[in-house]
$ cat work-v4.txt   # compact mmCIF, C-alpha atoms
# COMPACT_ATOMS: atom_id res chain seq x y z
CA MET A 1 97.24 138.60 164.73
CA ALA A 2 97.97 142.03 163.26
CA PHE A 3 97.56 140.69 159.73
CA LEU A 4 94.26 138.94 160.55
CA SER A 5 92.94 142.10 162.17
CA PHE A 6 93.96 144.07 159.08
CA LEU A 7 92.28 141.48 156.83
CA PHE A 8 88.98 141.59 158.73
CA ARG A 9 88.97 145.40 158.71
CA ARG A 10 89.47 145.47 154.95
CA LEU A 11 86.82 142.80 154.39
CA GLY A 12 84.34 144.77 156.50
CA LEU A 13 85.09 147.96 154.57
CA SER A 14 84.75 146.13 151.24
CA LEU A 15 81.37 144.71 152.26
CA PHE A 16 80.21 148.17 153.38
CA VAL A 17 81.15 149.66 150.00
CA PHE A 18 79.43 146.89 148.02
CA VAL A 19 76.21 147.15 150.05
CA GLY A 20 76.24 150.94 149.64
CA VAL A 21 76.57 150.67 145.85
CA LEU A 22 73.84 148.01 145.80
CA ILE A 23 71.37 150.19 147.71
CA LEU A 24 72.21 153.32 145.70
CA THR A 25 71.88 151.69 142.28
CA PHE A 26 68.64 149.96 143.23
CA ILE A 27 67.04 153.18 144.51
CA VAL A 28 68.18 155.18 141.47
CA SER A 29 66.76 152.55 139.11
CA ARG A 30 63.37 152.87 140.80
CA VAL A 31 63.36 156.67 141.15
CA ILE A 32 64.20 157.56 137.52
CA PRO A 33 60.97 158.03 135.54
CA SER A 34 60.51 155.00 133.29
CA ASN A 35 58.19 152.07 132.75
CA PRO A 36 60.13 148.78 132.88
CA ALA A 37 56.95 146.76 132.41
CA ALA A 38 56.17 148.58 129.16
CA LEU A 39 59.74 147.94 127.96
CA TYR A 40 59.39 144.27 128.83
CA ALA A 41 56.05 144.03 127.02
CA GLY A 42 57.50 145.28 123.74
CA ALA A 43 56.21 147.75 121.17
CA ARG A 44 52.72 149.24 121.65
CA PRO A 45 51.68 147.24 124.73
CA ARG A 46 48.10 147.32 125.95
CA PRO A 47 47.45 148.67 129.49
CA GLU A 48 46.28 145.28 130.73
CA GLN A 49 49.51 143.70 129.40
CA VAL A 50 51.59 146.25 131.30
CA GLN A 51 49.67 145.57 134.52
CA GLU A 52 50.11 141.82 134.11
CA ILE A 53 53.84 142.18 133.56
CA GLU A 54 54.15 144.50 136.57
CA LYS A 55 52.70 141.70 138.71
CA LYS A 56 54.98 139.13 137.05
CA LEU A 57 58.10 141.22 137.70
CA GLY A 58 56.99 142.23 141.18
CA LEU A 59 56.97 145.94 140.29
CA ASP A 60 53.58 146.40 141.94
CA LYS A 61 55.02 145.54 145.35
CA PRO A 62 56.43 148.08 147.84
CA LEU A 63 60.01 149.21 147.26
CA SER A 64 61.24 147.45 150.40
CA GLU A 65 59.73 144.14 149.23
CA GLN A 66 61.28 144.56 145.77
CA PHE A 67 64.67 145.17 147.38
CA ARG A 68 64.32 142.11 149.62
CA VAL A 69 63.52 139.89 146.63
CA TYR A 70 66.40 141.35 144.62
CA VAL A 71 68.93 140.78 147.42
CA GLY A 72 67.63 137.24 147.86
CA ASP A 73 68.23 136.55 144.17
CA LEU A 74 71.73 138.05 144.41
CA LEU A 75 72.63 135.78 147.32
CA VAL A 76 71.95 132.73 145.14
CA GLY A 77 73.85 134.23 142.19
CA ASN A 78 70.84 135.31 140.14
CA LEU A 79 71.38 138.72 138.54
CA GLY A 80 67.93 138.79 136.99
CA GLU A 81 66.59 139.05 133.48
CA SER A 82 66.97 141.72 130.84
CA TYR A 83 63.77 143.66 130.26
CA HIS A 84 64.71 144.33 126.63
CA SER A 85 65.99 140.95 125.41
CA ARG A 86 64.34 138.79 128.12
CA ARG A 87 67.56 136.81 128.39
CA SER A 88 69.23 135.82 131.64
CA ILE A 89 71.83 138.42 132.63
CA ASN A 90 74.01 135.63 134.04
CA THR A 91 74.13 134.00 130.61
CA ASP A 92 74.92 137.30 128.89
CA LEU A 93 77.73 138.15 131.29
CA ARG A 94 79.30 134.72 130.85
CA LEU A 95 79.42 135.58 127.15
CA PHE A 96 80.54 139.22 127.30
CA LEU A 97 82.60 139.54 130.49
CA PRO A 98 85.53 137.28 129.42
CA ALA A 99 86.01 139.39 126.29
CA THR A 100 86.33 142.56 128.38
CA LEU A 101 88.60 140.92 130.95
CA GLU A 102 90.88 139.58 128.20
CA LEU A 103 91.19 143.09 126.77
CA VAL A 104 91.77 144.72 130.16
CA ILE A 105 94.32 142.11 131.30
CA ALA A 106 96.27 142.61 128.06
CA ALA A 107 96.25 146.40 128.62
CA VAL A 108 97.47 146.03 132.22
CA LEU A 109 100.24 143.62 131.17
CA ILE A 110 101.37 146.20 128.61
CA ALA A 111 101.39 148.80 131.39
CA LEU A 112 103.60 146.57 133.57
CA VAL A 113 106.02 145.64 130.79
CA LEU A 114 106.38 149.18 129.42
CA GLY A 115 105.58 151.41 132.38
CA ILE A 116 107.78 150.06 135.16
CA PRO A 117 111.11 149.70 133.28
CA THR A 118 110.56 153.06 131.56
CA GLY A 119 109.79 154.72 134.89
CA VAL A 120 112.89 153.18 136.46
CA LEU A 121 115.17 154.48 133.71
CA ALA A 122 113.50 157.90 133.74
CA GLY A 123 114.10 158.11 137.50
CA ALA A 124 117.71 157.01 137.08
CA TYR A 125 118.48 159.70 134.49
CA PRO A 126 116.62 162.84 135.61
CA ARG A 127 116.66 165.94 133.36
CA SER A 128 117.97 163.87 130.46
CA PRO A 129 116.40 163.82 126.97
CA PHE A 130 115.00 160.39 127.83
CA ASP A 131 113.41 161.82 130.98
CA TYR A 132 111.76 164.69 129.09
CA ALA A 133 110.53 162.37 126.33
CA THR A 134 109.15 159.99 128.94
CA ARG A 135 107.35 162.79 130.78
CA PHE A 136 105.76 163.96 127.54
CA ALA A 137 104.65 160.43 126.59
CA ALA A 138 103.24 159.79 130.07
CA VAL A 139 101.24 163.03 130.16
CA ALA A 140 99.97 162.41 126.62
CA GLY A 141 98.90 158.88 127.51
CA VAL A 142 97.02 160.01 130.61
CA SER A 143 95.34 163.06 129.09
CA ALA A 144 94.47 161.89 125.56
CA PRO A 145 90.84 160.73 125.23
CA SER A 146 90.57 157.02 124.50
CA PHE A 147 88.13 157.50 121.63
CA TRP A 148 90.55 159.90 119.92
CA LEU A 149 93.46 157.49 120.36
CA ALA A 150 91.30 154.66 119.02
CA LEU A 151 90.37 156.59 115.87
CA ILE A 152 93.97 157.69 115.27
CA ALA A 153 95.23 154.12 115.79
CA GLN A 154 92.67 152.77 113.34
CA PHE A 155 93.64 155.40 110.77
CA ILE A 156 97.37 154.67 111.06
CA PHE A 157 97.58 150.91 111.58
CA PHE A 158 94.56 149.86 109.50
CA SER A 159 93.89 152.51 106.86
CA GLN A 160 97.45 153.63 106.15
CA LEU A 161 99.73 150.71 107.05
CA GLY A 162 97.32 147.79 106.91
CA TRP A 163 99.14 146.03 109.74
CA LEU A 164 96.23 145.42 112.10
CA PRO A 165 92.48 144.78 111.66
CA LEU A 166 89.91 147.52 112.11
CA GLY A 167 87.91 145.77 114.80
CA GLY A 168 86.23 142.63 116.00
CA ARG A 169 87.59 139.82 118.12
CA VAL A 170 88.43 137.37 115.33
CA SER A 171 88.27 137.50 111.54
CA ARG A 172 85.48 136.00 109.47
CA ASP A 173 87.88 133.38 108.08
CA ALA A 174 88.75 132.26 111.61
CA THR A 175 85.08 131.97 112.49
CA LEU A 176 84.34 129.87 109.39
CA PHE A 177 87.43 127.69 108.92
CA TYR A 178 89.06 127.31 112.35
CA PRO A 179 86.52 128.36 115.00
CA ILE A 180 87.57 128.56 118.62
CA ALA A 181 85.92 126.04 120.93
CA ALA A 182 84.61 128.22 123.77
CA GLN A 183 85.63 126.94 127.20
CA THR A 184 86.71 129.86 129.37
CA GLY A 185 85.57 132.65 127.03
CA PHE A 186 89.17 133.92 126.79
CA TYR A 187 90.00 133.30 123.14
CA LEU A 188 93.77 133.19 123.60
CA ILE A 189 93.44 130.58 126.34
CA ASP A 190 90.76 128.53 124.57
CA ALA A 191 92.66 128.48 121.27
CA ALA A 192 95.93 127.53 122.99
CA VAL A 193 94.32 124.73 125.03
CA SER A 194 92.78 123.19 121.90
CA GLY A 195 95.98 123.67 119.86
CA ASN A 196 94.18 125.94 117.39
CA TRP A 197 97.22 128.13 116.71
CA LYS A 198 95.87 129.77 113.55
CA ALA A 199 92.91 131.03 115.53
CA TRP A 200 95.25 132.00 118.39
CA LEU A 201 97.34 134.20 116.08
CA ASP A 202 94.19 135.68 114.57
CA ALA A 203 92.77 136.51 118.02
CA LEU A 204 96.09 138.03 119.09
CA HIS A 205 96.18 140.08 115.90
CA HIS A 206 92.77 141.55 116.71
CA LEU A 207 93.63 142.12 120.38
CA ILE A 208 96.78 144.21 119.84
CA LEU A 209 95.26 147.50 118.68
CA PRO A 210 92.43 147.90 121.24
CA ALA A 211 94.74 146.70 124.03
CA LEU A 212 97.37 149.30 123.09
CA VAL A 213 94.75 152.07 123.05
CA LEU A 214 93.29 150.97 126.39
CA SER A 215 96.79 150.72 127.92
CA ALA A 216 97.63 154.38 127.22
CA TYR A 217 96.28 155.62 130.55
CA PRO A 218 97.75 152.87 132.80
CA VAL A 219 101.10 153.08 130.98
CA GLY A 220 101.30 156.84 131.47
CA ILE A 221 100.34 156.80 135.14
CA THR A 222 102.60 153.80 135.86
CA ILE A 223 105.58 155.60 134.33
CA ARG A 224 104.96 158.75 136.38
CA MET A 225 104.42 156.86 139.64
CA THR A 226 107.46 154.61 139.15
CA GLN A 227 109.64 157.57 138.23
CA ALA A 228 108.55 159.58 141.28
CA SER A 229 109.15 156.60 143.59
CA MET A 230 112.57 155.93 142.07
CA LEU A 231 113.65 159.54 142.51
CA GLU A 232 112.74 159.32 146.18
CA VAL A 233 114.38 155.93 146.76
CA LEU A 234 117.59 156.80 144.88
CA SER A 235 118.21 159.64 147.32
CA GLU A 236 118.24 157.24 150.30
CA THR A 237 121.42 156.57 152.27
CA TYR A 238 121.56 152.85 151.52
CA ILE A 239 121.63 153.57 147.78
CA THR A 240 124.61 155.89 148.32
CA ALA A 241 126.30 153.14 150.31
CA ALA A 242 125.63 150.63 147.54
CA ARG A 243 127.22 152.94 145.00
CA ALA A 244 130.23 153.41 147.25
CA ALA A 245 130.53 149.63 147.57
CA GLY A 246 130.92 149.40 143.80
CA LEU A 247 127.65 147.65 142.92
CA SER A 248 126.67 147.91 139.28
CA ARG A 249 124.03 150.40 138.19
CA GLY A 250 121.71 147.61 137.07
CA VAL A 251 121.84 145.90 140.46
CA ILE A 252 121.21 149.18 142.27
CA LEU A 253 118.28 150.14 140.06
CA PHE A 254 116.46 146.85 139.53
CA LYS A 255 117.31 144.90 142.69
CA LEU A 256 117.73 147.44 145.46
CA ALA A 257 115.82 150.58 144.47
CA LEU A 258 112.96 148.99 142.53
CA LYS A 259 112.15 146.65 145.42
CA ASN A 260 111.14 149.64 147.56
CA ALA A 261 109.77 151.78 144.75
CA ILE A 262 107.51 149.25 143.08
CA MET A 263 104.64 149.14 145.60
CA PRO A 264 103.15 152.55 144.65
CA ALA A 265 103.41 151.52 141.00
CA LEU A 266 101.67 148.20 141.64
CA THR A 267 98.94 150.05 143.54
CA VAL A 268 98.36 152.31 140.57
CA VAL A 269 98.36 149.37 138.15
CA GLY A 270 95.81 147.56 140.30
CA LEU A 271 93.54 150.59 140.39
CA SER A 272 94.03 151.04 136.64
CA PHE A 273 92.82 147.48 136.14
CA ALA A 274 89.49 148.30 137.74
CA TYR A 275 89.36 151.68 135.99
CA SER A 276 90.04 150.06 132.60
CA ILE A 277 86.97 147.84 132.90
CA THR A 278 84.76 150.94 132.73
CA GLY A 279 87.19 152.73 130.42
CA ALA A 280 86.96 149.81 128.00
CA PHE A 281 83.33 150.58 127.19
CA LEU A 282 84.10 153.30 124.66
CA VAL A 283 87.08 151.42 123.22
CA GLU A 284 84.94 148.32 122.76
CA THR A 285 82.31 150.32 120.91
CA ILE A 286 84.83 151.82 118.49
CA PHE A 287 86.60 148.51 117.84
CA SER A 288 83.35 146.47 117.71
CA TRP A 289 84.70 144.38 120.55
CA PRO A 290 81.92 142.10 121.86
CA GLY A 291 82.43 142.80 125.55
CA VAL A 292 80.56 144.25 128.50
CA GLY A 293 80.95 147.75 127.05
CA LYS A 294 78.81 146.97 124.04
CA TYR A 295 76.36 145.10 126.24
CA VAL A 296 75.85 147.92 128.74
CA THR A 297 75.75 150.58 126.01
CA GLU A 298 72.74 148.84 124.48
CA ALA A 299 71.22 148.54 127.96
CA VAL A 300 71.57 152.29 128.58
CA LEU A 301 70.02 153.12 125.20
CA ASN A 302 67.10 150.80 125.99
CA VAL A 303 66.79 151.94 129.64
CA ASP A 304 67.29 148.31 130.65
CA PHE A 305 67.85 148.81 134.39
CA PRO A 306 68.40 145.17 135.44
CA VAL A 307 71.39 144.98 133.07
CA ILE A 308 72.73 148.38 134.18
CA ILE A 309 72.49 147.42 137.86
CA ALA A 310 74.04 144.00 137.27
CA VAL A 311 77.02 145.39 135.34
CA THR A 312 77.49 148.13 137.95
CA LEU A 313 77.60 145.53 140.73
CA VAL A 314 80.01 143.27 138.82
CA VAL A 315 82.38 146.17 138.10
CA THR A 316 82.13 147.28 141.74
CA LEU A 317 82.94 143.76 142.91
CA VAL A 318 85.98 143.57 140.62
CA TYR A 319 87.14 146.97 141.84
CA ILE A 320 86.73 145.92 145.49
CA LEU A 321 88.55 142.61 144.99
CA VAL A 322 91.46 144.30 143.21
CA ASN A 323 91.76 146.90 145.98
CA LEU A 324 91.62 144.16 148.60
CA LEU A 325 94.34 142.19 146.83
CA ILE A 326 96.54 145.29 146.65
CA ASP A 327 96.02 146.00 150.35
CA LEU A 328 96.96 142.43 151.25
CA MET A 329 100.09 142.56 149.08
CA GLN A 330 101.15 145.78 150.76
CA ALA A 331 100.49 144.32 154.21
CA LEU A 332 102.61 141.26 153.43
CA LEU A 333 105.50 143.28 152.00
CA ASP A 334 105.38 146.15 154.49
CA PRO A 335 104.25 145.27 158.08
CA ARG A 336 103.68 148.95 158.82
CA VAL A 337 100.62 148.91 156.55
CA ARG A 338 98.88 146.46 158.90
CA LEU A 339 98.63 149.20 161.52
CA VAL A 340 96.63 151.48 159.26

$ encode --input "work-v4.txt" --output "structure tokens"
Amino acid sequence: MAFLSFLFRRLGLSLFVFVGVLILTFIVSRVIPSNPAALYAGARPRPEQVQEIEKKLGLDKPLSEQFRVYVGDLLVGNLGESYHSRRSINTDLRLFLPATLELVIAAVLIALVLGIPTGVLAGAYPRSPFDYATRFAAVAGVSAPSFWLALIAQFIFFSQLGWLPLGGRVSRDATLFYPIAAQTGFYLIDAAVSGNWKAWLDALHHLILPALVLSAYPVGITIRMTQASMLEVLSETYITAARAAGLSRGVILFKLALKNAIMPALTVVGLSFAYSITGAFLVETIFSWPGVGKYVTEAVLNVDFPVIIAVTLVVTLVYILVNLLIDLMQALLDPRVRLV
């Protein structure tokens, strides 16, 4: 009963946040001075064309009526149409969103693989050279601007060493000679399912550099959070008892201490996942990665409000779902959370 009550409270809060973002973005899109009908009409539209398009798009109706129609479309999964390209936003997001999610998931996996073990060892050996080096790397990863890291990475690994490509999702040769049959939109998955291993290696090769740049922030914050949690847990009485019982250092660190110290780190990683979706925009632009970042950047430059609102709502929904998943994990692992 306590868990169900906790679940319903979190679902209610998540719905409240989503509705609040929906109302705010819709009002802002209508308040900012612009003429969506003129944008939709194209270059040098005639006044009668603009009026006709306003009627077609429903922009001549009261704001409350426009909001009711928009919410009705959302409930059936219709995100609308781009004023600039006149394409369905649903179709565009099915094309661009998997590319962004593949990049963000790779960055978060890097954060888990590098951040948690490094944080555990840094907490186990405080005030050691490894601890100081780890602190420096974590602070640098969190504070360094992503665009600067991206440019430095391109200079080193492409211009100087020639190890990794400058940008793009796949090479031109892969596109021409062993194209990936799009199924899920995730190139690594699609290439593996079809057995197209040359394309799989090519896609992985292009993914490494932007994923490493995007992972800098989550890696840094995961290290710091894991280290702080480990320092606290290692001072507990049961850890002292385990040492007195002669348990090995590895068992104490990775089986006993990490079990209680990992939840704050997982919370941070989950939040970093949602943060990285918006943080990926600039990285995608620099690496010519065909994801949501490039899509929404063009929408902002063209004042294409339907696209901006749709992307904002999708990112908000992902953020809410990730937070909800983290809350449920915490409630399952720690019953005390259910009382909050």

$ closest_residue --input "work-v4.txt" --among "A:Pro264, A:Gly119, A:Gly80, A:Gly250" --to "Pro306 of chain A" --atoms "all atoms listed in the file"
A:Gly80

$ residues_around --input "work-v4.txt" --residues "segment 11-22 of chain A" --least-positions-apart "3" --cutoff "8 Å" --atoms "all atoms listed in the file" --output "list in words"
Leu7, Phe8, Thr25, Phe26, Leu313, Thr316, Leu317, Ile320 and Leu324 of chain A

$ closest_residue --input "work-v4.txt" --among "A:Pro210, A:Gly115, A:Pro62, A:Pro126" --to "Ser288 of chain A" --atoms "only C-alpha atoms"
A:Pro210

$ closest_residue --input "work-v4.txt" --among "A:Val233, A:Leu201, A:Leu121, A:Leu79" --to "Thr312 of chain A" --atoms "only C-alpha atoms"
A:Leu79

$ closest_residue --input "work-v4.txt" --among "A:Gln330, A:Asn78, A:Ser146, A:Ser5" --to "Leu212 of chain A" --atoms "all atoms listed in the file"
A:Ser146

$ residues_around --input "work-v4.txt" --residues "Leu282 of chain A" --least-positions-apart "5" --cutoff "9 Å" --atoms "all atoms listed in the file" --output "number ranges by chain"
A: 146-147, 287, 293-294, 297

$ closest_residue --input "work-v4.txt" --among "A:Tyr125, A:Phe157, A:Tyr83, A:Phe186" --to "Ile208 of chain A" --atoms "all atoms listed in the file"
A:Phe157

$ atom_distance --input "work-v4.txt" --atom1 "atom CA of Tyr132 of chain A" --atom2 "atom CA of Pro218 of chain A"
18.7 Å

$ closest_residue --input "work-v4.txt" --among "A:Thr100, A:Ser88, A:Ser248, A:Thr285" --to "Glu298 of chain A" --atoms "only C-alpha atoms"
A:Thr285

$ residues_around --input "work-v4.txt" --residues "Ser272 of chain A" --least-positions-apart "5" --cutoff "10 Å" --atoms "all atoms listed in the file" --output "PDB file with C-alpha atoms, keeping the file's coordinate frame"
ATOM      1  CA  VAL A 104      91.770 144.720 130.160  1.00  0.00           C
ATOM      2  CA  ALA A 107      96.250 146.400 128.620  1.00  0.00           C
ATOM      3  CA  VAL A 108      97.470 146.030 132.220  1.00  0.00           C
ATOM      4  CA  ALA A 111     101.390 148.800 131.390  1.00  0.00           C
ATOM      5  CA  SER A 215      96.790 150.720 127.920  1.00  0.00           C
ATOM      6  CA  TYR A 217      96.280 155.620 130.550  1.00  0.00           C
ATOM      7  CA  PRO A 218      97.750 152.870 132.800  1.00  0.00           C
ATOM      8  CA  VAL A 219     101.100 153.080 130.980  1.00  0.00           C
ATOM      9  CA  ILE A 221     100.340 156.800 135.140  1.00  0.00           C
ATOM     10  CA  THR A 222     102.600 153.800 135.860  1.00  0.00           C
ATOM     11  CA  LEU A 266     101.670 148.200 141.640  1.00  0.00           C
ATOM     12  CA  THR A 267      98.940 150.050 143.540  1.00  0.00           C
ATOM     13  CA  ILE A 277      86.970 147.840 132.900  1.00  0.00           C
ATOM     14  CA  GLY A 279      87.190 152.730 130.420  1.00  0.00           C
ATOM     15  CA  TYR A 319      87.140 146.970 141.840  1.00  0.00           C
ATOM     16  CA  VAL A 322      91.460 144.300 143.210  1.00  0.00           C
TER      17      VAL A 322
END
